[in-house]
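J.: Take a look at this one; I'll ask things after.
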Amino acid sequence: STWDPDLMARVGEALGRETRANGVSVLLGPGVNMKRSPLCGRNFEYFSEDPLLAGVLATALVRGIQSQGVGASLKHFAANNQETDRLRVDAQVDERTLREIYLPAFERVVKGAQPWTVMCAYNKVNGTHASEHRWLLTEVLRDEWGFEGLVVSDWGAVDDRVAGVAAGLDLEMPSSHGLNDARIVAAVRAGELDEADVDAAATRVLTLVARALAAQAEPATFDAAAHHALAREVATRTAVLLKNDGALPLPTDAAGTVVIGEMARTPRYQGAGSSQVNPTRLESALDALRERAPGLEFAPGYVLAEAAGQPGQDRTDEELRAEAVELARGRTAVLFLGLPAIDESEGYDREHMDLPASHVALLRAVRAVAAKVVVVLSNGSAVTVADWEPDADAVLELWLGGQASGAAAAQLLLGEVDPSGRLAESVPVRLSDVPAQLNFPGERGAVRYGEGLFIGYRGLDAVGAEVSHPFGYGLTYTTFAYADLSVDAAEVTDETGDDDVVVRVTARVTNAGDRTGVAVPQLYVGRPDSAFARAPRELRGFERIELTPGESRVVEFGLTRRDLSHWDVGVHGWVVEPGAAEIAVGENSRDLPLHTVVDVVAPVVHLPLHDHSTVGEWLEHPVGGPLLRDALG
C-alpha cells in the first residue's frame with residue numbers, strides 16, 4: 001500500500017544485504033499472486049488485487065534484492081490464490097483471464113528484473129500441476145518472456161519429477177534423497193525423457209550455484225539500527241488512513257488521550273507460516289506513545305492468545321471491557337484492534353472478513369462513553385468495516401506493519417508523519433459482494449475462476465457494488481486538487497511496438513491544504529463501447545509525489561500499445577481494439593475528477609475464417625470478402 005517503487009527498491013537492498021549477511025544466496029520471495037479473494041490465508045504476503053501495481057512494486061523489490069549479489073525467487077507461478085486444498089487443487093482459468101490478470105505481474109518482474117529463480121506453485125492449472133506445466137514453465141516463461149534463470153519447486157510441490165524436468169522444472173525442493181534422481185535416469189534410459197532436458201536443468205542448477213558462490217565467499221554485514229529505521233519508515237508509508245472526522249492528529253502531548261487494546265502492548269506485526277521471521281528489535285505502540293507522553297494510561301480491553309502472561313490477560317473479555325470503558329469515559333480513546341494471529345496464516349484460508357466479536361463489542365462500549373474514538377487496525381488482509389466504522393471518529397489501517405510498526409503508529413497518530421498509504425485492495429461492504437466468492441474455494445479438488453477478469457475493483461465496479469473504501473483510496477492530513485487534464489493520442493499501426501507510447505496524459509496536482517503531504521495520482525482507462533467483456537476501468541499508471549502547501553506539479557503518464565491491449569483468444573495475442581477510450585485521473589478508482597474520451601485508431605483484427613464462420617464474417621474479412629463476392633458472382 002505504499003505505491004512507492006523507490007521505497008521498495010530500498011527495502012530490497014536491505015533484504016538483500018541481510019540475506020547475504022546470513023549466508024543465504026537466494027531469498028524466497030517476493031510473491032506476486034493476485035488477491036482474488038479477501039479470504040486467502042497468504043494475502044498478507046502478496047501485493048495487490050491489481051497486476052500492474054503488484055508488478056511495478058515487485059520489480060523494484062527484486063532489483064533491490066539482487067543489487068546485493070543475491071537472488072530473488074518470484075512466486076508462486078501461477079494461479080496460486082488460495083490455501084484450501086493448495087497441494088492439489090485445480091485452478092480452472094480461461095486463457096484471457098490468465099493473460100490479463102494472473103500472469104502480467106510475473107511477466108513484468110521477469111522482463112524488468114530477471115529474478116535468479118522463479119518458484120512454481122503447488123496447484124494445478126487447468127488440469128496440469130504447475131510443477132510439470134510445460135506451457136507455463138517453458139513456452140510462456142522462457143520462450144515468450146525470455147526468463148534466463150532457474151525454476152524451483154515450492155517445497156513439496158513436485159508430483160511427477162520426470163514430467164517436471166520435461167516441462168522445465170530445474171530444481172526440486174526439498175531433496176528426494178536420490179529417489180527422483182533414479183527415476184530421471186531410468187526415464188532417460190527408457191527413452192521416455194530427452195537427455196537434453198536433463199542437461200538443461202543441470203546447467204541451470206550449476207549456473208545458480210556459480211552465482212551464489214560470491215555471496216558465500218564474501219558475506220555482508222548490515223546496520224541493524226539503520227534497517228530498523230527503514231522498517232519504521234516503511235510502516236508509516238504503508239499505513240492507510242481510512243476515516244478522519246477531525247480526530248487525528250492527536251495533540252502532540254496526547255493530552256486527554258487513553259490507549260485501549262492489547263495489540264498496542266503486544267503488537268501483531270507479521271503473518272504466520274514460512275514467512276515468519278525473528279525481528280532484530282520490536283517496538284510496541286504503547287511504549288512509543290509513552291516515550292512521547294509519559295504516564296499515558298492503558299487498558300488491554302480484550303483477551304489475546306499471543307499475549308498470555310501479560311498483566312490482565314488472566315481475566316475475561318467482559319472484565320477487561322468494563323475496565324476499558326471506565327478509563328475511556330469523557331476522553332479520546334485510541335483503540336488498537338485487529339485479527340489475532342490464529343485468524344490468518346499460510347496453510348488455511350479465512351472463513352470471514354470480520355473483526356473478532358470481542359473487539360467490536362469493546363469499540364461499541366467505549367463509543368458510548370468516550371469523547372472521541374480512534375481505531376488502529378492490525379491485520380494482514382482486508383477486514384469489513386461497514387458494521388462498526390460509524391462508531392469511530394478515525395480509522396487508521398496499520399496492516400501487519402513489521403517490527404517498527406509501534407513507533408510508526410505513534411508518529412502517525414501524533415502527526416509527526418502524515419499518512420500516505422493507499423489501498424492496494426478494495427474494502428467491500430460485505431464479503432458476498434466479491435464476485436470470486438461465488439467460486440471460492442471450490443469443491444472436489446477444483447476451483448473455477450468463473451468471475452474471469454472481474455476480481456477486486458474490476459468486479460465490484462462492474463456490478464455497481466457499494467464499497468466501504470475503494471481501490472487506491474487513502475486520506476492524508478491535507479487535501480489535493482486535480483486540474484488541467486491533457487491527452488494526446490497517436491495512431492496504432494502494425495509497426496507500433498508493444499512498449500511504444502501511443503497516448504500521453506498530463507494532469508496538474510495541487511496541495512490545497514496547510515500541511516505537506518503525499519498525493520498518489522492514478523490513471524485509469526476504460527473502453528465503454530468495447531465488443532469484449534471489460535471492467536469499467538483499469539489502473540494503467542500511478543505516481544507518488546510529495547507536495548508542500550500550495551505546491552503544484554504536473555504529472556505525466558505514457559500509455560503503451562500493450563496498455564491499450566486486451567488478450568484476444570481468437571488470435572492468441574495482444575490486440576488493440578479501435579474505438580473510444582475513457583482516460584481518467586484522480587485519487588482512487590472511484591474518485592476520478594479528470595476524465596475525457598479519446599478515439600483509439602488501430603488496425604482491425606480479423607479472426608481466421610473456418611467452416612463455421614458466418615456469411616457476415618466472410619464478407620467483412622479483407623481476403624475472404626472479395627473471394628466470396630466473386631464466387632457469388
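Residue numbers start at 1 in each chain; chains themselves are named A, B, ... in the order of the C-alpha cells; ligands are numbered from 1 in the order shown.
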For region 218-230 of chain A, list every protein, DNA or RNA residue within 12 Å, evaluated using only C-alpha atoms, and leave out those in the same chain fewer than 4 positions away; present the list as an mmCIF file with N, CA and C atoms, in the first residue's frame.
T.:
data_model
loop_
_atom_site.group_PDB
_atom_site.id
_atom_site.type_symbol
_atom_site.label_atom_id
_atom_site.label_comp_id
_atom_site.auth_asym_id
_atom_site.auth_seq_id
_atom_site.Cartn_x
_atom_site.Cartn_y
_atom_site.Cartn_z
ATOM 1 N N LEU A 7 10.815 3.221 -2.694
ATOM 2 C CA LEU A 7 10.927 2.666 -1.347
ATOM 3 C C LEU A 7 11.093 1.160 -1.402
ATOM 4 N N MET A 8 10.375 0.501 -2.304
ATOM 5 C CA MET A 8 10.513 -0.949 -2.435
ATOM 6 C C MET A 8 11.933 -1.340 -2.847
ATOM 7 N N ALA A 9 12.568 -0.533 -3.687
ATOM 8 C CA ALA A 9 13.952 -0.818 -4.071
ATOM 9 C C ALA A 9 14.868 -0.727 -2.854
ATOM 10 N N ARG A 10 14.647 0.270 -2.001
ATOM 11 C CA ARG A 10 15.458 0.399 -0.783
ATOM 12 C C ARG A 10 15.209 -0.761 0.168
ATOM 13 N N VAL A 11 13.954 -1.195 0.275
ATOM 14 C CA VAL A 11 13.650 -2.365 1.098
ATOM 15 C C VAL A 11 14.358 -3.589 0.531
ATOM 16 N N GLY A 12 14.334 -3.730 -0.788
ATOM 17 C CA GLY A 12 15.022 -4.855 -1.418
ATOM 18 C C GLY A 12 16.506 -4.853 -1.133
ATOM 19 N N GLU A 13 17.123 -3.691 -1.193
ATOM 20 C CA GLU A 13 18.556 -3.593 -0.888
ATOM 21 C C GLU A 13 18.835 -4.042 0.540
ATOM 22 N N ALA A 14 17.991 -3.620 1.477
ATOM 23 C CA ALA A 14 18.177 -4.020 2.874
ATOM 24 C C ALA A 14 17.975 -5.528 3.034
ATOM 25 N N LEU A 15 16.945 -6.076 2.394
ATOM 26 C CA LEU A 15 16.712 -7.516 2.472
ATOM 27 C C LEU A 15 17.867 -8.296 1.851
ATOM 28 N N GLY A 16 18.372 -7.804 0.722
ATOM 29 C CA GLY A 16 19.492 -8.475 0.077
ATOM 30 C C GLY A 16 20.729 -8.480 0.953
ATOM 31 N N ARG A 17 20.961 -7.361 1.610
ATOM 32 C CA ARG A 17 22.139 -7.282 2.477
ATOM 33 C C ARG A 17 21.995 -8.223 3.685
ATOM 34 N N GLU A 18 20.809 -8.279 4.270
ATOM 35 C CA GLU A 18 20.593 -9.183 5.397
ATOM 36 C C GLU A 18 20.662 -10.641 4.949
ATOM 37 N N THR A 19 20.151 -10.918 3.755
ATOM 38 C CA THR A 19 20.228 -12.281 3.208
ATOM 39 C C THR A 19 21.679 -12.715 3.088
ATOM 40 N N ARG A 20 22.485 -11.842 2.513
ATOM 41 C CA ARG A 20 23.907 -12.170 2.332
ATOM 42 C C ARG A 20 24.626 -12.289 3.672
ATOM 43 N N ALA A 21 24.276 -11.435 4.608
ATOM 44 C CA ALA A 21 24.916 -11.480 5.926
ATOM 45 C C ALA A 21 24.619 -12.777 6.659
ATOM 46 N N ASN A 22 23.496 -13.390 6.337
ATOM 47 C CA ASN A 22 23.121 -14.640 6.984
ATOM 48 C C ASN A 22 23.591 -15.870 6.208
ATOM 49 N N GLY A 23 24.445 -15.665 5.212
ATOM 50 C CA GLY A 23 24.993 -16.782 4.464
ATOM 51 C C GLY A 23 24.000 -17.442 3.532
ATOM 52 N N VAL A 24 22.980 -16.705 3.135
ATOM 53 C CA VAL A 24 21.961 -17.222 2.232
ATOM 54 C C VAL A 24 22.141 -16.563 0.872
ATOM 55 N N SER A 25 21.961 -17.328 -0.183
ATOM 56 C CA SER A 25 22.207 -16.808 -1.526
ATOM 57 C C SER A 25 20.950 -16.482 -2.305
ATOM 58 N N GLN A 68 22.461 -6.658 -4.346
ATOM 59 C CA GLN A 68 23.402 -7.038 -3.292
ATOM 60 C C GLN A 68 24.102 -8.364 -3.564
ATOM 61 N N GLY A 69 23.982 -8.856 -4.789
ATOM 62 C CA GLY A 69 24.694 -10.072 -5.158
ATOM 63 C C GLY A 69 24.038 -11.357 -4.689
ATOM 64 N N VAL A 70 22.777 -11.284 -4.332
ATOM 65 C CA VAL A 70 21.999 -12.486 -4.010
ATOM 66 C C VAL A 70 20.774 -12.513 -4.917
ATOM 67 N N ALA A 212 25.844 -18.061 -6.796
ATOM 68 C CA ALA A 212 25.694 -17.991 -5.346
ATOM 69 C C ALA A 212 27.023 -18.011 -4.601
ATOM 70 N N LEU A 213 28.084 -18.453 -5.256
ATOM 71 C CA LEU A 213 29.364 -18.609 -4.557
ATOM 72 C C LEU A 213 29.894 -17.294 -4.010
ATOM 73 N N ALA A 214 29.666 -16.200 -4.743
ATOM 74 C CA ALA A 214 30.184 -14.909 -4.282
ATOM 75 C C ALA A 214 29.587 -14.518 -2.944
ATOM 76 N N VAL A 234 8.940 2.472 6.378
ATOM 77 C CA VAL A 234 8.031 1.660 5.572
ATOM 78 C C VAL A 234 6.671 1.548 6.251
ATOM 79 N N ALA A 235 6.669 1.321 7.556
ATOM 80 C CA ALA A 235 5.407 1.171 8.275
ATOM 81 C C ALA A 235 4.574 2.445 8.222
ATOM 82 N N THR A 236 5.224 3.618 8.271
ATOM 83 C CA THR A 236 4.460 4.863 8.168
ATOM 84 C C THR A 236 3.875 5.027 6.768
ATOM 85 N N ARG A 237 4.575 4.538 5.753
ATOM 86 C CA ARG A 237 4.114 4.735 4.375
ATOM 87 C C ARG A 237 3.105 3.683 3.938
ATOM 88 N N PRO A 279 12.486 -10.756 14.623
ATOM 89 C CA PRO A 279 12.868 -9.346 14.476
ATOM 90 C C PRO A 279 14.171 -9.045 15.202
ATOM 91 N N THR A 280 14.925 -8.097 14.676
ATOM 92 C CA THR A 280 16.133 -7.649 15.371
ATOM 93 C C THR A 280 15.776 -6.776 16.575
ATOM 94 N N ARG A 281 14.568 -6.214 16.528
ATOM 95 C CA ARG A 281 14.087 -5.344 17.592
ATOM 96 C C ARG A 281 12.585 -5.217 17.389
ATOM 97 N N LEU A 282 11.825 -5.069 18.457
ATOM 98 C CA LEU A 282 10.376 -4.965 18.334
ATOM 99 C C LEU A 282 9.865 -3.817 19.188
ATOM 100 N N GLU A 283 9.145 -2.908 18.552
ATOM 101 C CA GLU A 283 8.590 -1.749 19.246
ATOM 102 C C GLU A 283 7.079 -1.878 19.336
ATOM 103 N N GLY A 401 2.484 -4.246 10.186
ATOM 104 C CA GLY A 401 3.451 -3.189 9.884
ATOM 105 C C GLY A 401 4.894 -3.502 10.167
ATOM 106 N N GLY A 402 5.217 -4.730 10.591
ATOM 107 C CA GLY A 402 6.615 -5.068 10.816
ATOM 108 C C GLY A 402 7.109 -4.674 12.199
ATOM 109 N N GLN A 403 8.398 -4.891 12.406
ATOM 110 C CA GLN A 403 8.954 -4.775 13.755
ATOM 111 C C GLN A 403 8.942 -3.352 14.298
ATOM 112 N N ALA A 404 8.834 -2.350 13.447
ATOM 113 C CA ALA A 404 8.812 -0.955 13.890
ATOM 114 C C ALA A 404 7.430 -0.338 13.775
ATOM 115 N N SER A 405 6.409 -1.154 13.645
ATOM 116 C CA SER A 405 5.066 -0.614 13.425
ATOM 117 C C SER A 405 4.554 0.151 14.631
ATOM 118 N N GLY A 406 4.997 -0.195 15.813
ATOM 119 C CA GLY A 406 4.550 0.517 17.003
ATOM 120 C C GLY A 406 4.975 1.974 16.986
ATOM 121 N N ALA A 407 6.248 2.223 16.685
ATOM 122 C CA ALA A 407 6.743 3.592 16.597
ATOM 123 C C ALA A 407 6.088 4.329 15.437
ATOM 124 N N ALA A 408 5.870 3.625 14.328
ATOM 125 C CA ALA A 408 5.207 4.243 13.184
ATOM 126 C C ALA A 408 3.794 4.685 13.553
#
J.: Which residues are close to Leu412 (chain A), i.e. within 10 Å by only C-alpha atoms, leaving aside same-chain residues fewer than 2 positions away? Reply as number ranges by chain.
T.: A: 235-237, 239, 241, 248-250, 396, 398, 407-410, 414-420, 477
J.: Looking only at strand (DSSP E or B) from DSSP on the backbone, list the matching residues of region 230-372 of chain A as a JSON list (two decimals) with N, CA and C atoms, in the first residue's frame.
T.:
[["chain", "number", "residue", "atom", "x", "y", "z"],
["A", 240, "VAL", "N", -2.73, 3.18, 6.01],
["A", 240, "VAL", "CA", -3.76, 3.87, 5.22],
["A", 240, "VAL", "C", -4.78, 4.48, 6.18],
["A", 241, "LEU", "N", -4.96, 5.78, 6.08],
["A", 241, "LEU", "CA", -5.97, 6.47, 6.87],
["A", 241, "LEU", "C", -7.31, 6.32, 6.17],
["A", 242, "LEU", "N", -8.21, 5.52, 6.76],
["A", 242, "LEU", "CA", -9.49, 5.20, 6.13],
["A", 242, "LEU", "C", -10.57, 6.23, 6.46],
["A", 243, "LYS", "N", -10.48, 6.82, 7.62],
["A", 243, "LYS", "CA", -11.50, 7.77, 8.05],
["A", 243, "LYS", "C", -10.88, 8.77, 9.00],
["A", 244, "ASN", "N", -11.32, 10.02, 8.93],
["A", 244, "ASN", "CA", -10.84, 11.03, 9.88],
["A", 244, "ASN", "C", -11.84, 12.19, 9.95],
["A", 257, "THR", "N", -5.90, 11.73, 26.24],
["A", 257, "THR", "CA", -5.96, 10.50, 25.43],
["A", 257, "THR", "C", -5.66, 9.29, 26.29],
["A", 258, "VAL", "N", -6.35, 8.19, 26.04],
["A", 258, "VAL", "CA", -6.03, 6.90, 26.66],
["A", 258, "VAL", "C", -5.86, 5.87, 25.55],
["A", 259, "VAL", "N", -5.11, 4.85, 25.83],
["A", 259, "VAL", "CA", -4.86, 3.78, 24.87],
["A", 259, "VAL", "C", -5.54, 2.51, 25.36],
["A", 260, "ILE", "N", -6.29, 1.86, 24.47],
["A", 260, "ILE", "CA", -7.03, 0.65, 24.83],
["A", 260, "ILE", "C", -6.79, -0.40, 23.76],
["A", 298, "PHE", "N", -3.47, 3.06, 30.05],
["A", 298, "PHE", "CA", -3.71, 1.93, 29.15],
["A", 298, "PHE", "C", -4.59, 0.90, 29.81],
["A", 299, "ALA", "N", -5.45, 0.28, 28.98],
["A", 299, "ALA", "CA", -6.23, -0.88, 29.40],
["A", 299, "ALA", "C", -6.21, -1.90, 28.28],
["A", 332, "THR", "N", -10.47, 10.98, 24.80],
["A", 332, "THR", "CA", -10.19, 10.43, 23.46],
["A", 332, "THR", "C", -9.58, 9.05, 23.64],
["A", 333, "ALA", "N", -10.25, 8.04, 23.13],
["A", 333, "ALA", "CA", -9.79, 6.65, 23.27],
["A", 333, "ALA", "C", -9.19, 6.18, 21.95],
["A", 334, "VAL", "N", -7.94, 5.73, 22.00],
["A", 334, "VAL", "CA", -7.30, 5.14, 20.84],
["A", 334, "VAL", "C", -7.35, 3.63, 21.02],
["A", 335, "LEU", "N", -8.15, 2.97, 20.19],
["A", 335, "LEU", "CA", -8.37, 1.53, 20.30],
["A", 335, "LEU", "C", -7.52, 0.78, 19.28],
["A", 336, "PHE", "N", -6.71, -0.14, 19.75],
["A", 336, "PHE", "CA", -5.92, -0.99, 18.87],
["A", 336, "PHE", "C", -6.65, -2.32, 18.72],
["A", 337, "LEU", "N", -7.20, -2.54, 17.52],
["A", 337, "LEU", "CA", -8.00, -3.72, 17.22],
["A", 337, "LEU", "C", -7.39, -4.44, 16.03],
["A", 338, "GLY", "N", -7.85, -5.64, 15.76],
["A", 338, "GLY", "CA", -7.33, -6.35, 14.58],
["A", 338, "GLY", "C", -7.60, -7.84, 14.64],
["A", 345, "SER", "N", -3.14, -17.13, 8.18],
["A", 345, "SER", "CA", -1.84, -17.78, 8.14],
["A", 345, "SER", "C", -1.69, -18.54, 6.84],
["A", 348, "TYR", "N", -4.04, -22.21, 5.54],
["A", 348, "TYR", "CA", -5.51, -22.25, 5.53],
["A", 348, "TYR", "C", -6.04, -20.86, 5.20],
["A", 372, "LYS", "N", -14.06, 11.00, 21.93],
["A", 372, "LYS", "CA", -13.69, 10.64, 20.57],
["A", 372, "LYS", "C", -13.11, 9.24, 20.58]]
J.: Using only C-alpha atoms, which protein or nucleic acid residues come within 9 Å of Gly55 (chain A)? Drop anything in the same chain fewer than 3 positions from it, and give the result as a list in words.
T.: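 Here the qualifying residues turn out to be Val32, Phe47, Asp50, Pro51, Leu52, Ala58, Thr59, Ala60, Pro104, Ala105, Phe106, Glu107, Arg108 and Val109 of chain A.
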J.: Which neighbours of region 157-174 of chain A fall inside 8 Å, counting only C-alpha atoms, when residues of the same chain fewer than 5 positions from it are skipped, and could you give them as a list of chain:residue names?
T.: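 These residues fall inside the cut-off: A:Leu87, A:Cys120, A:Ala121, A:Tyr122, A:Asn123, A:His129, A:Ser131, A:Glu132, A:His133, A:Arg134, A:Trp135, A:Leu137, A:Thr138, A:Leu150, A:Val151, A:Val152, A:Asn180, A:Arg183, A:Ile184, A:Ala187, A:Leu193, A:Asp194, A:Asp197, A:Val198, A:Ala200, A:Ala201, A:Ala202, A:Arg204, A:Val205.
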J.: With C-alpha atoms kept, could you save the residues just selected as a PDB file, in the first residue's frame?
T.:
ATOM      1  CA  LEU A  87      -1.333 -29.056  -2.782  1.00  0.00           C
ATOM      2  CA  CYS A 120       6.344 -22.862  -9.325  1.00  0.00           C
ATOM      3  CA  ALA A 121       3.140 -23.290  -7.350  1.00  0.00           C
ATOM      4  CA  TYR A 122       1.613 -26.322  -5.647  1.00  0.00           C
ATOM      5  CA  ASN A 123      -1.660 -26.243  -7.519  1.00  0.00           C
ATOM      6  CA  HIS A 129       0.359 -29.493 -11.972  1.00  0.00           C
ATOM      7  CA  SER A 131       5.454 -28.195 -11.487  1.00  0.00           C
ATOM      8  CA  GLU A 132       5.014 -30.102 -14.754  1.00  0.00           C
ATOM      9  CA  HIS A 133       3.254 -27.445 -16.839  1.00  0.00           C
ATOM     10  CA  ARG A 134       5.371 -27.008 -19.970  1.00  0.00           C
ATOM     11  CA  TRP A 135       3.192 -24.219 -21.335  1.00  0.00           C
ATOM     12  CA  LEU A 137       7.400 -23.087 -17.373  1.00  0.00           C
ATOM     13  CA  THR A 138       8.863 -23.155 -20.868  1.00  0.00           C
ATOM     14  CA  LEU A 150      16.192 -21.383 -12.739  1.00  0.00           C
ATOM     15  CA  VAL A 151      12.732 -22.743 -11.985  1.00  0.00           C
ATOM     16  CA  VAL A 152      12.462 -24.244  -8.490  1.00  0.00           C
ATOM     17  CA  ASN A 180      13.647 -38.987  -8.097  1.00  0.00           C
ATOM     18  CA  ARG A 183      13.609 -42.120 -11.803  1.00  0.00           C
ATOM     19  CA  ILE A 184      15.118 -39.483 -14.096  1.00  0.00           C
ATOM     20  CA  ALA A 187      13.351 -42.423 -17.850  1.00  0.00           C
ATOM     21  CA  LEU A 193      12.820 -38.338 -21.211  1.00  0.00           C
ATOM     22  CA  ASP A 194      15.084 -36.386 -23.537  1.00  0.00           C
ATOM     23  CA  ASP A 197      16.104 -31.644 -20.938  1.00  0.00           C
ATOM     24  CA  VAL A 198      18.178 -33.115 -18.111  1.00  0.00           C
ATOM     25  CA  ALA A 200      19.363 -28.006 -19.478  1.00  0.00           C
ATOM     26  CA  ALA A 201      18.132 -28.423 -15.898  1.00  0.00           C
ATOM     27  CA  ALA A 202      21.593 -29.416 -14.654  1.00  0.00           C
ATOM     28  CA  ARG A 204      20.720 -24.046 -14.766  1.00  0.00           C
ATOM     29  CA  VAL A 205      21.367 -25.546 -11.333  1.00  0.00           C
TER      30      VAL A 205
END
J.: Using CA of Glu262 (chain A) and CA of Ala392 (chain A) as the two end points, give the distance in Å to one decimal.
T.: 18.1 Å
J.: Report as a list in words all protein, DNA and RNA residues lying within 8 Å of Pro528 (chain A), evaluated on only C-alpha atoms, omitting residues in the same chain fewer than 6 positions from it.
T.: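 The residues that qualify are Pro536, Ala580, Ala581 and Glu582 of chain A.
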J.: Please produce a file of those selected residues containing C-alpha atoms, as an mmCIF file, in the first residue's frame.
T.:
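Ended up saving to again.cif:
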data_model
loop_
_atom_site.group_PDB
_atom_site.id
_atom_site.type_symbol
_atom_site.label_atom_id
_atom_site.label_comp_id
_atom_site.auth_asym_id
_atom_site.auth_seq_id
_atom_site.Cartn_x
_atom_site.Cartn_y
_atom_site.Cartn_z
ATOM 1 C CA PRO A 536 -15.376 -0.283 -16.346
ATOM 2 C CA ALA A 580 -13.418 5.143 -27.739
ATOM 3 C CA ALA A 581 -11.156 5.024 -24.692
ATOM 4 C CA GLU A 582 -12.037 6.841 -21.492
#
J.: Skip Ala341 (chain A) itself and residues of its chain fewer than 3 positions away, then list as a PyMOL selection string all residues within 9 Å of it, counting only C-alpha atoms.
T.: chain A and resi 268+270-272+305-306+344-345+379
J.: Write the residues of the preceding selection, restricted to N, CA and C atoms, as a compact mmCIF listing (two decimals), in the first residue's frame.
T.:
# COMPACT_ATOMS: atom_id res chain seq x y z
N ARG A 268 0.70 -7.12 16.78
CA ARG A 268 0.56 -8.10 15.70
C ARG A 268 1.26 -7.48 14.50
N GLN A 270 3.43 -9.39 12.05
CA GLN A 270 3.80 -10.23 10.91
C GLN A 270 2.84 -11.40 10.80
N GLY A 271 2.86 -12.03 9.61
CA GLY A 271 2.00 -13.16 9.36
C GLY A 271 2.63 -14.46 9.82
N ALA A 272 1.85 -15.52 9.75
CA ALA A 272 2.31 -16.83 10.21
C ALA A 272 2.59 -17.74 9.02
N ALA A 305 -4.64 -14.27 22.69
CA ALA A 305 -3.91 -15.50 22.99
C ALA A 305 -2.40 -15.31 23.00
N GLU A 306 -1.90 -14.53 22.02
CA GLU A 306 -0.45 -14.38 21.95
C GLU A 306 0.12 -13.47 23.04
N GLU A 344 -5.33 -15.69 10.48
CA GLU A 344 -4.81 -15.69 9.11
C GLU A 344 -3.39 -16.22 9.11
N SER A 345 -3.14 -17.13 8.18
CA SER A 345 -1.84 -17.78 8.14
C SER A 345 -1.69 -18.54 6.84
N ASN A 379 -3.96 -6.10 10.76
CA ASN A 379 -4.47 -7.27 10.06
C ASN A 379 -3.70 -7.42 8.75
J.: As a ChimeraX atom specification, please: the residues near Pro356 (chain A) (cut-off 8 Å, only C-alpha atoms, same-chain neighbours under 2 positions excluded).
T.: /A:338-339,354,358-360
J.: What parts of region 338-530 of chain A does DSSP call alpha helix (DSSP H)? I'd like the answer as a PyMOL selection string.
T.: chain A and resi 357-367+405-413+456-462
